[in-house]
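This report refers to the structure that appears directly beneath it.
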Amino acid sequence: MRFTLDGIVVKCADAAETEAGYLGLGCAAAGNRAVGAGIDTMLELGPGGESLPPGKSVDRIVFGVDDVSAAFDRLVADGVESVSEPRDGSAVVLGPDDLRIEIREGDRPAALPVGPDDLRLHHVCFLTTDYEGAEEFFISNFEMRKVYDFSKAGTAGFMFLADGAWDAEGHGFLLEVIGGPQFMTEQQAWDAHGPHYDHVCFSMSNVAASYDRGCKGGLAPMAHPRHYPEYGLDIAWLYDRDGLHVELLEEMPLHELREAHSSGVVENHWVDDVISSLDVIPFVVPA
Ligand SMILES: [Fe+2]
């Protein structure tokens, strides 16, 4: 059975305004308020966010499947909790920490154009109370593979999981799992919200240029671009119109991800004491 990470459903106070912010960053529109960049995974912007606290607008992630009834039956038989049974090609189940996961059958979205400075949608993140349990959950139930591991046994960290169809070009989308509550930039989000889908991330060749474009295009500054030597990459942060964190990440070298996806062995290593170093906490732009 194949599960492909096809979408992120976002509940917005005003979906047209939220869409405008992502278009200002350089995303392309796929119609029906779906936006994205470079790959075939979409941010699906819709209504319903009026009463949500800032930063909690991601409602669920979406896995595409060939047969939603067969996928749903297997998940439930394996102990995954149902929220809504299959209807009109869609069902919703609960993941770790009761995070919502939709499974959906139908045509897969087509890849959107790559944006300016090689802008591509890169990952969605969730913060979990059960870091190792979340890894097991997605690998055993959704046939995902761990392709990047920046964690240390017994402490917090983060990992990237890829679905079985992942490829670096048209379907280069990842699920980031962060073990809370004590990890870097997400501390405030954790204190405010507990486990939740915390941010979406775009990769690009020039983080500073995308940061400027996003600020001019209607997103709000959160953390200026800076270089993170422990990753060897530039990173910056913005807020979208609903307060969702938007990470801007310099393109990662792909060979490690490709190797891990094909071999099942993750080669990258923890860099010791990174979490205890204040250097990793970005400068947050004052309100
Ligand atoms: Fe991230």
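Residues are named by chain letter and number: chains run A, B, ... in the order of the structure tokens, numbers start at 1 in each chain, and ligands are numbered from 1 in the order shown.
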Exercise. Which parts of range 227-259 of chain A does DSSP call alpha helix (DSSP H) when run on the backbone here, written out as an MDAnalysis selection string?
Worked result: chainID A and resid 255:259
Exercise. Residues within 10 Å of ligand 1 (only C-alpha atoms and all ligand atoms), as a list in words?
Worked result: His122, His123, Val124, Cys125, Phe126, Phe158, Met159, Phe160, Leu174, Leu175, Glu176, Val177, Ile178, Thr185, Glu186, Asp198, His199, Val200, Cys201, Phe202, Ile235, Trp237, His245, Val246, Glu247, Leu248 and Leu249 of chain A
Prev. selection, N, CA and C atoms, output as an mmCIF file, in the first residue's frame:
data_model
loop_
_atom_site.group_PDB
_atom_site.id
_atom_site.type_symbol
_atom_site.label_atom_id
_atom_site.label_comp_id
_atom_site.auth_asym_id
_atom_site.auth_seq_id
_atom_site.Cartn_x
_atom_site.Cartn_y
_atom_site.Cartn_z
ATOM 1 N N HIS A 122 9.216 22.303 1.495
ATOM 2 C CA HIS A 122 10.190 21.307 1.956
ATOM 3 C C HIS A 122 9.647 20.358 3.014
ATOM 4 N N HIS A 123 9.051 20.896 4.077
ATOM 5 C CA HIS A 123 8.504 19.988 5.103
ATOM 6 C C HIS A 123 7.441 20.657 5.935
ATOM 7 N N VAL A 124 6.691 19.813 6.639
ATOM 8 C CA VAL A 124 5.793 20.251 7.702
ATOM 9 C C VAL A 124 6.307 19.605 8.981
ATOM 10 N N CYS A 125 6.159 20.317 10.083
ATOM 11 C CA CYS A 125 6.722 19.841 11.348
ATOM 12 C C CYS A 125 5.639 19.627 12.385
ATOM 13 N N PHE A 126 5.784 18.593 13.177
ATOM 14 C CA PHE A 126 4.966 18.583 14.372
ATOM 15 C C PHE A 126 5.812 18.319 15.597
ATOM 16 N N PHE A 158 15.350 16.220 16.410
ATOM 17 C CA PHE A 158 14.400 16.177 15.310
ATOM 18 C C PHE A 158 14.846 15.160 14.275
ATOM 19 N N MET A 159 13.873 14.699 13.523
ATOM 20 C CA MET A 159 14.148 13.783 12.413
ATOM 21 C C MET A 159 13.286 14.185 11.225
ATOM 22 N N PHE A 160 13.721 13.775 10.050
ATOM 23 C CA PHE A 160 12.889 13.894 8.862
ATOM 24 C C PHE A 160 12.462 12.498 8.433
ATOM 25 N N LEU A 174 8.880 16.362 3.086
ATOM 26 C CA LEU A 174 9.250 15.593 4.278
ATOM 27 C C LEU A 174 8.343 15.941 5.448
ATOM 28 N N LEU A 175 8.260 15.004 6.366
ATOM 29 C CA LEU A 175 7.601 15.227 7.651
ATOM 30 C C LEU A 175 8.695 15.347 8.704
ATOM 31 N N GLU A 176 8.731 16.491 9.362
ATOM 32 C CA GLU A 176 9.710 16.696 10.433
ATOM 33 C C GLU A 176 9.035 16.402 11.770
ATOM 34 N N VAL A 177 9.691 15.608 12.577
ATOM 35 C CA VAL A 177 9.194 15.291 13.917
ATOM 36 C C VAL A 177 10.174 15.899 14.909
ATOM 37 N N ILE A 178 9.643 16.731 15.807
ATOM 38 C CA ILE A 178 10.484 17.313 16.850
ATOM 39 C C ILE A 178 10.003 16.811 18.193
ATOM 40 N N THR A 185 13.943 26.584 18.816
ATOM 41 C CA THR A 185 13.009 27.662 18.491
ATOM 42 C C THR A 185 11.574 27.326 18.857
ATOM 43 N N GLU A 186 11.293 26.043 19.080
ATOM 44 C CA GLU A 186 9.917 25.658 19.314
ATOM 45 C C GLU A 186 9.506 25.744 20.778
ATOM 46 N N ASP A 198 3.614 22.527 13.985
ATOM 47 C CA ASP A 198 4.223 23.794 14.383
ATOM 48 C C ASP A 198 4.571 24.720 13.226
ATOM 49 N N HIS A 199 5.066 24.190 12.131
ATOM 50 C CA HIS A 199 5.475 25.092 11.048
ATOM 51 C C HIS A 199 5.505 24.374 9.716
ATOM 52 N N VAL A 200 5.529 25.190 8.673
ATOM 53 C CA VAL A 200 5.828 24.690 7.332
ATOM 54 C C VAL A 200 7.165 25.289 6.922
ATOM 55 N N CYS A 201 7.858 24.602 6.037
ATOM 56 C CA CYS A 201 9.200 25.042 5.654
ATOM 57 C C CYS A 201 9.354 25.024 4.144
ATOM 58 N N PHE A 202 10.022 26.042 3.656
ATOM 59 C CA PHE A 202 10.427 26.100 2.254
ATOM 60 C C PHE A 202 11.949 26.084 2.199
ATOM 61 N N ILE A 235 19.214 29.861 7.841
ATOM 62 C CA ILE A 235 17.803 29.669 8.191
ATOM 63 C C ILE A 235 17.229 31.024 8.594
ATOM 64 N N TRP A 237 13.056 32.874 9.673
ATOM 65 C CA TRP A 237 11.671 32.534 10.035
ATOM 66 C C TRP A 237 10.751 33.712 9.777
ATOM 67 N N HIS A 245 4.252 29.566 11.884
ATOM 68 C CA HIS A 245 5.677 29.754 11.638
ATOM 69 C C HIS A 245 6.026 29.231 10.244
ATOM 70 N N VAL A 246 6.762 30.019 9.503
ATOM 71 C CA VAL A 246 7.222 29.638 8.162
ATOM 72 C C VAL A 246 8.740 29.642 8.196
ATOM 73 N N GLU A 247 9.325 28.477 8.062
ATOM 74 C CA GLU A 247 10.786 28.346 8.086
ATOM 75 C C GLU A 247 11.322 28.503 6.668
ATOM 76 N N LEU A 248 12.401 29.254 6.549
ATOM 77 C CA LEU A 248 13.117 29.381 5.276
ATOM 78 C C LEU A 248 14.474 28.716 5.463
ATOM 79 N N LEU A 249 14.727 27.680 4.728
ATOM 80 C CA LEU A 249 15.882 26.812 4.951
ATOM 81 C C LEU A 249 16.718 26.733 3.679
#
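The interatomic distance for the pair CA of Ala77 in chain A and CA of Phe137 in chain A works out to 13.8 Å.
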For this session: Excluding range 9-18 of chain A and residues on its chain fewer than 4 positions from it, collect all residues at most 6 Å away from it, counting only C-alpha atoms, and give them as a list in words.
Result: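 Near neighbours after the sequence-gap exclusion: Glu44, Leu45, Gly46, Pro47, Gly48, Gly49, Glu50, Ser57, Val58, Asp59, Arg60 and Arg241 of chain A.
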Shell around Asp98 in chain A at 9 Å using only C-alpha atoms, local window under 6 positions removed, as a compact mmCIF listing (two decimals) with C-alpha atoms, in the first residue's frame:
# COMPACT_ATOMS: atom_id res chain seq x y z
CA GLU A 81 -7.87 5.55 16.01
CA PRO A 195 1.89 19.03 20.77
CA HIS A 196 0.76 20.44 17.43
For this session: Using only C-alpha atoms, pick whichever of A:Arg2, A:Arg108, A:Asp73, A:Tyr197 has the shortest atom-to-atom distance to Pro96 in chain A.
Result: A:Tyr197
Problem set entry | Long-range neighbours of His261 in chain A as number ranges by chain, 10 Å cut-off, only C-alpha atoms, 4 positions minimum in chain | A: 144-148, 161-167, 255-257, 265-266
Save out the residues we just selected, N, CA and C atoms, as a compact mmCIF listing (two decimals), in the first residue's frame.
# COMPACT_ATOMS: atom_id res chain seq x y z
N MET A 144 6.67 5.01 6.11
CA MET A 144 7.66 6.08 5.90
C MET A 144 9.06 5.57 6.23
N ARG A 145 10.04 6.34 5.84
CA ARG A 145 11.44 5.99 6.11
C ARG A 145 12.14 7.19 6.75
N LYS A 146 12.96 6.92 7.74
CA LYS A 146 13.72 8.01 8.34
C LYS A 146 14.90 8.34 7.43
N VAL A 147 15.02 9.61 7.06
CA VAL A 147 16.09 10.00 6.13
C VAL A 147 17.06 10.99 6.75
N TYR A 148 16.76 11.50 7.94
CA TYR A 148 17.67 12.45 8.59
C TYR A 148 17.38 12.38 10.07
N LEU A 161 11.17 12.36 8.17
CA LEU A 161 10.63 11.12 7.61
C LEU A 161 10.15 11.40 6.19
N ALA A 162 10.39 10.46 5.29
CA ALA A 162 9.95 10.58 3.90
C ALA A 162 9.01 9.45 3.58
N ASP A 163 8.03 9.71 2.73
CA ASP A 163 7.16 8.61 2.32
C ASP A 163 7.87 7.76 1.26
N GLY A 164 7.25 6.63 0.92
CA GLY A 164 7.89 5.69 0.01
C GLY A 164 8.10 6.24 -1.38
N ALA A 165 7.30 7.26 -1.77
CA ALA A 165 7.40 7.84 -3.11
C ALA A 165 8.33 9.04 -3.16
N TRP A 166 8.96 9.35 -2.03
CA TRP A 166 9.79 10.56 -1.99
C TRP A 166 10.85 10.54 -3.09
N ASP A 167 10.99 11.66 -3.74
CA ASP A 167 12.17 11.88 -4.57
C ASP A 167 12.52 13.35 -4.45
N HIS A 255 22.41 14.23 -1.06
CA HIS A 255 22.93 12.87 -1.16
C HIS A 255 22.65 12.04 0.10
N GLU A 256 22.68 12.73 1.28
CA GLU A 256 22.41 11.97 2.51
C GLU A 256 20.97 11.47 2.55
N LEU A 257 20.06 12.33 2.11
CA LEU A 257 18.66 11.92 2.12
C LEU A 257 18.42 10.79 1.11
N VAL A 265 19.52 3.32 5.92
CA VAL A 265 20.50 3.67 6.96
C VAL A 265 20.72 5.17 6.95
N VAL A 266 20.52 5.80 8.09
CA VAL A 266 20.70 7.25 8.20
C VAL A 266 22.14 7.52 8.61
For this session: Mind giving me the straight-line distance from CA of Gly243 in chain A to CA of Arg100 in chain A in Å, one decimal?
Result: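 According to the coordinates, CA of Gly243 in chain A and CA of Arg100 in chain A are separated by 19.6 Å.
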